[in-house]
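model-v1.cif (mmCIF, C-alpha atoms)
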```
data_query
loop_
_atom_site.label_atom_id
_atom_site.label_comp_id
_atom_site.auth_asym_id
_atom_site.auth_seq_id
_atom_site.Cartn_x
_atom_site.Cartn_y
_atom_site.Cartn_z
CA MET A 20 -4.92 -27.49 17.66
CA ALA A 21 -8.53 -27.56 18.76
CA GLY A 22 -10.53 -28.24 21.88
CA LEU A 23 -14.23 -28.71 22.34
CA ILE A 24 -16.98 -27.35 24.57
CA ILE A 25 -20.30 -29.23 24.76
CA LYS A 26 -23.26 -27.44 26.32
CA ASN A 27 -26.59 -28.97 27.39
CA LEU A 28 -26.46 -31.55 24.61
CA SER A 29 -29.22 -34.14 24.29
CA LYS A 30 -30.12 -36.69 21.63
CA THR A 31 -33.49 -38.42 21.21
CA PHE A 32 -34.21 -41.15 18.68
CA LEU A 33 -37.66 -42.15 17.46
CA ILE A 34 -37.93 -45.96 17.51
CA ASN A 35 -41.26 -47.62 16.69
CA ASP A 36 -43.02 -44.31 17.30
CA LYS A 37 -41.48 -44.09 20.75
CA LYS A 38 -38.93 -41.49 21.85
CA VAL A 39 -35.74 -42.96 23.25
CA LYS A 40 -33.29 -40.56 24.87
CA ALA A 41 -29.71 -41.61 24.07
CA LEU A 42 -27.99 -38.57 25.60
CA ASN A 43 -29.30 -36.33 28.35
CA ASP A 44 -27.97 -32.83 29.07
CA ILE A 45 -24.30 -33.48 28.37
CA ASN A 46 -21.93 -30.72 29.49
CA LEU A 47 -18.26 -31.35 28.79
CA SER A 48 -15.13 -29.32 28.20
CA ILE A 49 -12.24 -30.93 26.30
CA GLU A 50 -8.98 -29.01 26.45
CA ASN A 51 -6.88 -28.73 23.31
CA GLU A 52 -3.93 -31.13 23.13
CA SER A 53 -5.47 -33.38 25.79
CA PHE A 54 -6.33 -37.09 25.92
CA THR A 55 -9.85 -37.75 27.19
CA ALA A 56 -11.21 -41.27 27.65
CA ILE A 57 -14.99 -41.75 27.73
CA VAL A 58 -15.94 -44.97 29.46
CA GLY A 59 -19.21 -46.73 30.18
CA LYS A 60 -21.23 -49.88 29.62
CA SER A 61 -22.32 -50.87 26.12
CA GLY A 62 -25.38 -48.87 25.07
CA CYS A 63 -24.76 -45.98 27.47
CA GLY A 64 -24.51 -43.36 24.71
CA LYS A 65 -20.73 -43.12 24.21
CA THR A 66 -20.75 -43.82 20.48
CA THR A 67 -23.75 -41.55 19.89
CA LEU A 68 -21.80 -38.69 21.47
CA LEU A 69 -18.79 -39.42 19.28
CA ARG A 70 -20.96 -39.52 16.14
CA ILE A 71 -22.43 -36.13 17.02
CA ILE A 72 -18.98 -34.62 17.55
CA CYS A 73 -17.80 -35.81 14.13
CA GLY A 74 -21.02 -34.77 12.39
CA LEU A 75 -22.46 -38.21 11.60
CA GLU A 76 -25.43 -37.47 13.86
CA LYS A 77 -27.20 -34.24 14.76
CA GLN A 78 -27.98 -33.46 18.38
CA SER A 79 -31.63 -32.85 19.34
CA THR A 80 -30.74 -29.95 21.62
CA GLY A 81 -27.60 -28.23 22.84
CA GLN A 82 -24.41 -26.89 21.29
CA LEU A 83 -20.91 -27.93 20.31
CA GLU A 84 -18.19 -25.32 20.09
CA PHE A 85 -14.74 -26.03 18.70
CA THR A 86 -12.08 -23.89 20.37
CA HIS A 87 -8.59 -22.85 19.26
CA CYS A 88 -9.59 -23.27 15.61
CA ASN A 89 -8.79 -20.94 12.75
CA GLU A 90 -12.34 -19.89 11.90
CA ASN A 91 -11.11 -18.02 8.81
CA ASP A 92 -9.73 -21.20 7.27
CA HIS A 93 -12.67 -22.85 5.54
CA ASN A 94 -10.50 -25.86 4.71
CA SER A 95 -9.63 -26.40 8.36
CA LYS A 96 -9.62 -30.12 9.21
CA ARG A 97 -11.23 -30.35 12.59
CA VAL A 98 -12.13 -33.95 13.22
CA GLY A 99 -10.97 -37.41 12.17
CA ILE A 100 -12.35 -40.70 13.45
CA VAL A 101 -11.02 -44.24 13.90
CA PHE A 102 -13.79 -46.83 14.18
CA GLN A 103 -13.78 -50.20 15.93
CA GLU A 104 -13.58 -51.88 12.51
CA PRO A 105 -10.74 -50.69 10.24
CA ARG A 106 -13.16 -49.93 7.34
CA LEU A 107 -10.41 -50.14 4.74
CA MET A 108 -11.17 -50.20 1.02
CA PRO A 109 -10.39 -53.79 -0.06
CA TRP A 110 -9.41 -52.84 -3.62
CA LEU A 111 -6.67 -50.47 -2.40
CA THR A 112 -3.28 -51.41 -0.96
CA VAL A 113 -2.15 -50.38 2.53
CA GLU A 114 -0.28 -47.42 1.05
CA GLN A 115 -3.23 -46.38 -1.12
CA ASN A 116 -5.69 -46.62 1.78
CA MET A 117 -3.53 -44.29 3.85
CA ALA A 118 -3.07 -41.87 0.95
CA PHE A 119 -6.76 -41.70 0.09
CA PRO A 120 -7.77 -38.76 2.39
CA MET A 121 -5.12 -36.51 0.81
CA ALA A 122 -5.92 -37.17 -2.86
CA GLU A 123 -7.71 -33.88 -3.48
CA ASN A 124 -5.54 -31.56 -1.41
CA LYS A 125 -1.90 -32.53 -1.91
CA ASN A 126 0.43 -33.35 -4.78
CA ASN A 127 1.96 -36.80 -5.25
CA SER A 128 5.28 -35.85 -3.71
CA GLU A 129 3.65 -34.55 -0.53
CA ILE A 130 1.38 -37.58 -0.29
CA HIS A 131 4.32 -39.97 -0.68
CA GLU A 132 6.30 -38.20 2.05
CA ILE A 133 3.43 -38.12 4.54
CA VAL A 134 2.31 -41.71 3.95
CA HIS A 135 5.80 -43.11 4.29
CA LYS A 136 6.36 -41.20 7.52
CA TYR A 137 3.38 -42.98 9.09
CA LEU A 138 4.14 -46.32 7.43
CA SER A 139 7.51 -46.20 9.17
CA MET A 140 6.07 -45.01 12.49
CA LEU A 141 3.46 -47.78 12.56
CA GLY A 142 5.79 -50.53 11.36
CA LEU A 143 3.92 -51.05 8.09
CA GLU A 144 6.64 -50.35 5.51
CA LYS A 145 7.02 -54.02 4.55
CA PHE A 146 3.27 -54.29 3.98
CA LYS A 147 2.66 -51.12 1.97
CA ASP A 148 1.77 -53.09 -1.18
CA ALA A 149 -0.45 -55.61 0.60
CA TYR A 150 -4.24 -55.54 0.38
CA PRO A 151 -6.47 -55.56 3.49
CA SER A 152 -7.29 -59.25 2.99
CA GLN A 153 -3.57 -60.05 3.22
CA ILE A 154 -2.86 -58.48 6.62
CA SER A 155 -3.89 -59.25 10.20
CA GLY A 156 -6.59 -57.45 12.17
CA GLY A 157 -3.97 -55.61 14.22
CA MET A 158 -2.19 -54.42 11.08
CA ALA A 159 -5.49 -53.35 9.53
CA GLN A 160 -6.23 -51.22 12.59
CA ARG A 161 -2.78 -49.64 12.27
CA VAL A 162 -3.60 -48.77 8.67
CA SER A 163 -6.87 -47.21 9.80
CA LEU A 164 -5.01 -45.16 12.39
CA GLY A 165 -2.37 -44.20 9.83
CA ARG A 166 -5.06 -43.06 7.39
CA THR A 167 -6.51 -40.75 10.04
CA LEU A 168 -3.08 -39.37 10.92
CA CYS A 169 -2.37 -38.67 7.25
CA TYR A 170 -5.56 -36.62 7.16
CA ASP A 171 -4.00 -34.55 9.97
CA PRO A 172 -7.13 -33.69 11.98
CA GLU A 173 -7.04 -31.33 14.93
CA ILE A 174 -9.23 -33.67 16.98
CA ILE A 175 -8.98 -37.47 16.73
CA LEU A 176 -12.02 -39.47 17.80
CA MET A 177 -11.59 -43.18 18.51
CA ASP A 178 -14.57 -45.51 18.93
CA GLU A 179 -13.33 -48.62 20.76
CA PRO A 180 -10.63 -49.07 18.10
CA PHE A 181 -8.76 -51.83 19.93
CA GLY A 182 -11.77 -53.71 21.29
CA ALA A 183 -11.63 -56.56 18.77
CA LEU A 184 -7.90 -57.22 19.17
CA ASP A 185 -6.15 -59.80 21.32
CA ALA A 186 -4.47 -58.58 24.51
CA PHE A 187 -0.97 -58.51 22.97
CA ASN A 188 -1.89 -56.42 19.93
CA ARG A 189 -4.16 -54.21 22.02
CA ARG A 190 -1.37 -53.22 24.42
CA LYS A 191 1.08 -52.73 21.55
CA LEU A 192 -1.30 -50.38 19.73
CA GLN A 193 -2.15 -48.57 22.96
CA ASN A 194 1.54 -47.83 23.50
CA GLU A 195 2.02 -46.77 19.88
CA PHE A 196 -0.89 -44.38 20.20
CA ILE A 197 0.55 -42.93 23.41
CA ASN A 198 3.76 -42.28 21.45
CA ILE A 199 1.77 -40.49 18.73
CA PHE A 200 -0.09 -38.38 21.29
CA ARG A 201 3.10 -37.37 23.07
CA GLU A 202 4.87 -36.45 19.84
CA TYR A 203 2.10 -34.69 17.92
CA LYS A 204 -0.08 -33.36 20.78
CA LYS A 205 -3.39 -33.93 19.07
CA THR A 206 -6.65 -33.53 20.96
CA ILE A 207 -7.92 -37.09 21.44
CA ILE A 208 -11.33 -38.36 22.55
CA PHE A 209 -11.22 -42.12 23.07
CA VAL A 210 -14.38 -44.16 23.69
CA THR A 211 -14.12 -47.54 25.43
CA HIS A 212 -16.06 -49.88 27.70
CA ASP A 213 -12.76 -51.19 29.12
CA VAL A 214 -12.06 -49.38 32.41
CA GLU A 215 -8.43 -50.48 32.52
CA GLU A 216 -7.89 -49.10 29.00
CA ALA A 217 -9.47 -45.79 29.98
CA VAL A 218 -7.09 -45.37 32.94
CA TYR A 219 -4.10 -46.58 30.92
CA LEU A 220 -4.63 -44.04 28.14
CA GLY A 221 -6.59 -41.04 29.36
CA GLN A 222 -5.41 -37.91 31.11
CA ASN A 223 -9.05 -37.43 32.03
CA VAL A 224 -11.75 -40.09 32.26
CA VAL A 225 -15.40 -39.20 31.66
CA ILE A 226 -17.85 -41.79 32.98
CA VAL A 227 -21.14 -42.11 31.10
CA ASP A 228 -24.16 -44.12 32.16
CA GLU A 229 -27.66 -44.19 30.65
CA GLY A 230 -26.90 -41.19 28.47
CA SER A 231 -25.59 -38.91 31.22
CA ILE A 232 -22.16 -37.98 32.54
CA ILE A 233 -22.05 -39.23 36.11
CA LYS A 234 -18.45 -38.37 36.98
CA GLN A 235 -15.18 -37.00 35.62
CA ILE A 236 -11.84 -38.16 37.01
CA SER A 237 -8.37 -36.72 36.40
CA VAL A 238 -5.59 -39.30 36.00
CA PRO A 239 -2.42 -37.87 37.62
CA LEU A 240 -0.13 -40.62 36.31
CA ASP A 241 2.73 -40.26 33.85
CA TYR A 242 3.00 -42.40 30.70
CA TYR A 243 3.69 -45.31 30.60
CA ARG A 244 1.49 -46.55 33.38
CA ASP A 245 1.99 -49.57 35.58
CA ILE A 246 -1.37 -51.36 35.64
CA THR A 247 -0.35 -53.14 38.86
CA SER A 248 0.53 -50.00 40.83
CA PRO A 249 -1.68 -49.04 43.81
CA GLU A 250 -2.45 -45.67 42.21
CA PHE A 251 -3.63 -47.28 38.98
CA LEU A 252 -5.72 -49.91 40.75
CA THR A 253 -7.35 -47.29 42.98
CA LEU A 254 -8.41 -45.24 39.96
CA ARG A 255 -9.71 -48.33 38.19
CA GLU A 256 -11.80 -49.33 41.21
CA GLU A 257 -13.14 -45.80 41.62
CA ILE A 258 -14.41 -45.81 38.03
CA LEU A 259 -15.86 -49.31 38.29
CA ASN A 260 -17.64 -48.44 41.51
CA SER A 261 -18.99 -45.23 40.01
CA ILE A 262 -20.66 -47.27 37.27
CA LEU A 263 -21.77 -50.25 39.35
CA PHE A 264 -23.03 -48.34 42.38
CA LYS A 265 -24.03 -45.01 40.85
CA ASN A 266 -27.28 -44.95 42.80
#
```
Take the structure I supplied and represent it as structure tokens, if you would.
Amino acid sequence: MAGLIIKNLSKTFLINDKKVKALNDINLSIENESFTAIVGKSGCGKTTLLRIICGLEKQSTGQLEFTHCNENDHNSKRVGIVFQEPRLMPWLTVEQNMAFPMAENKNNSEIHEIVHKYLSMLGLEKFKDAYPSQISGGMAQRVSLGRTLCYDPEIILMDEPFGALDAFNRRKLQNEFINIFREYKKTIIFVTHDVEEAVYLGQNVVIVDEGSIIKQISVPLDYYRDITSPEFLTLREEILNSILFKN
């Protein structure tokens, strides 16, 4: 498994000939086999940080260091990402979408075994032959998650993956993902603007505002968490107040 150390990381975009700083001097240590939630208002830089970690963007300054990786394995899979939209290929079935990341590296027997393990885990076996247009949004997000799990990354990045779902499907997928984390002990970095979701899922919560980390909070609660408990509500209020009254 892998962890991550981020040192003095900044990102500046050039928009209409003006420099806009999206991230400012980010320093963050993510332990391997941990669940970190990054929370903040829309536009605070959360997604930009995630895109830099997975290599979709390049930082302007600073460093990222992956820890606990096998540096001698050039085929090492370090990072997988689940976006807010499922981003499934509409011409492939559920099963084929999940199998796609393994096409070049595994034989058909291995692919079949891995895909069906996650189809079963995510309750998608009856829909394996369906196309994305034939399943619900919640199911499509499960397929997206299953596709990432089939890829078997050391670090899983999640960019508000449940944000577009109704409350019932959101909580169901949150609990399923907690099960996956507890069983497979992946390193997870989960971006959200939902403070309750951050406290419900994360072992650690990193609060970002205007491109900077303003606070980090440890969540000393066991899974599954009672969102009505005094301890949960106190943590939620602490995070909300950190964002609302940061000055």
So how many Å separate atom CA of Asn188 of chain A and atom CA of Glu50 of chain A, to one decimal?
->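 Atom CA of Asn188 of chain A sits 29.1 Å away from atom CA of Glu50 of chain A.
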Quick one: pull the distance between atom CA of Ile174 of chain A and atom CA of Thr206 of chain A, Å, one decimal.
-> 4.7 Å
What does the PyMOL selection byres ((chain A and resi 41) around 10) select in this file, as JSON, numbers by chain?
-> {"A": [29, 30, 31, 32, 38, 39, 40, 42, 43, 62, 63, 64, 65, 66, 67, 68, 229, 230, 231]}
What do you get, as an MDAnalysis selection string, if you spell out every residue that the PyMOL selection byres ((chain A and resi 192) around 12) selects here?
-> chainID A and resid 140:142 156:165 180:182 184:191 193:199 216 220
Nearby residues, (-17.3, -44.9, 21.8) file frame, 7 Å, only C-alpha atoms, as a list of chain:residue names |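 Applying the cut-off with only C-alpha atoms, one gets A:Lys65, A:Thr66, A:Leu69, A:Met177, A:Asp178, A:Glu179, A:Phe209, A:Val210, A:Thr211.
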Work out how far atom CA of Val225 of chain A is from atom CA of Val58 of chain A, in Å to one decimal.
->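 Computing the Euclidean distance for atom CA of Val58 of chain A and atom CA of Val225 of chain A yields 6.2 Å.
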Of the candidates A:Ile100, A:Ile233, A:Ile25, A:Leu111, which shows the shortest atom-to-atom distance to Asp171 of chain A, using only C-alpha atoms?
->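 Among A:Ile100, A:Ile233, A:Ile25, A:Leu111, it is A:Ile100 that comes nearest to Asp171 of chain A.
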Looking at A:His212, A:Arg70, A:Arg106, A:Lys204, which one is nearest to Leu259 of chain A, with distances taken over all atoms listed in the file?
->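 With all atoms listed in the file as the atom set, the closest residue is A:His212.
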Just the residues within 9 Å of Leu28 of chain A, please, counting all atoms listed in the file, with nothing from its chain fewer than 2 positions along; format it as a list of chain:residue names.
-> A:Ile25, A:Lys26, A:Lys30, A:Leu42, A:Asn43, A:Asp44, A:Ile45, A:Asn46, A:Gln78, A:Ser79, A:Thr80, A:Gly81, A:Gln82, A:Leu83
Across A:Asp245, A:Glu257, A:Glu250, A:Asp228, the smallest distance to Lys60 of chain A, with all atoms listed in the file counted, is shown by A:Asp228
Close residues, Arg166 of chain A itself excluded, 9 Å, all atoms listed in the file, min 5 positions apart in chain, as a PyMOL selection string | chain A and resi 101+116-120+134+137+161+171
Which residue of A:Arg255, A:Lys136, A:Arg97, A:Lys77 approaches Ala21 of chain A most closely, using only C-alpha atoms =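 Smallest separation from Ala21 of chain A among the options: A:Arg97.
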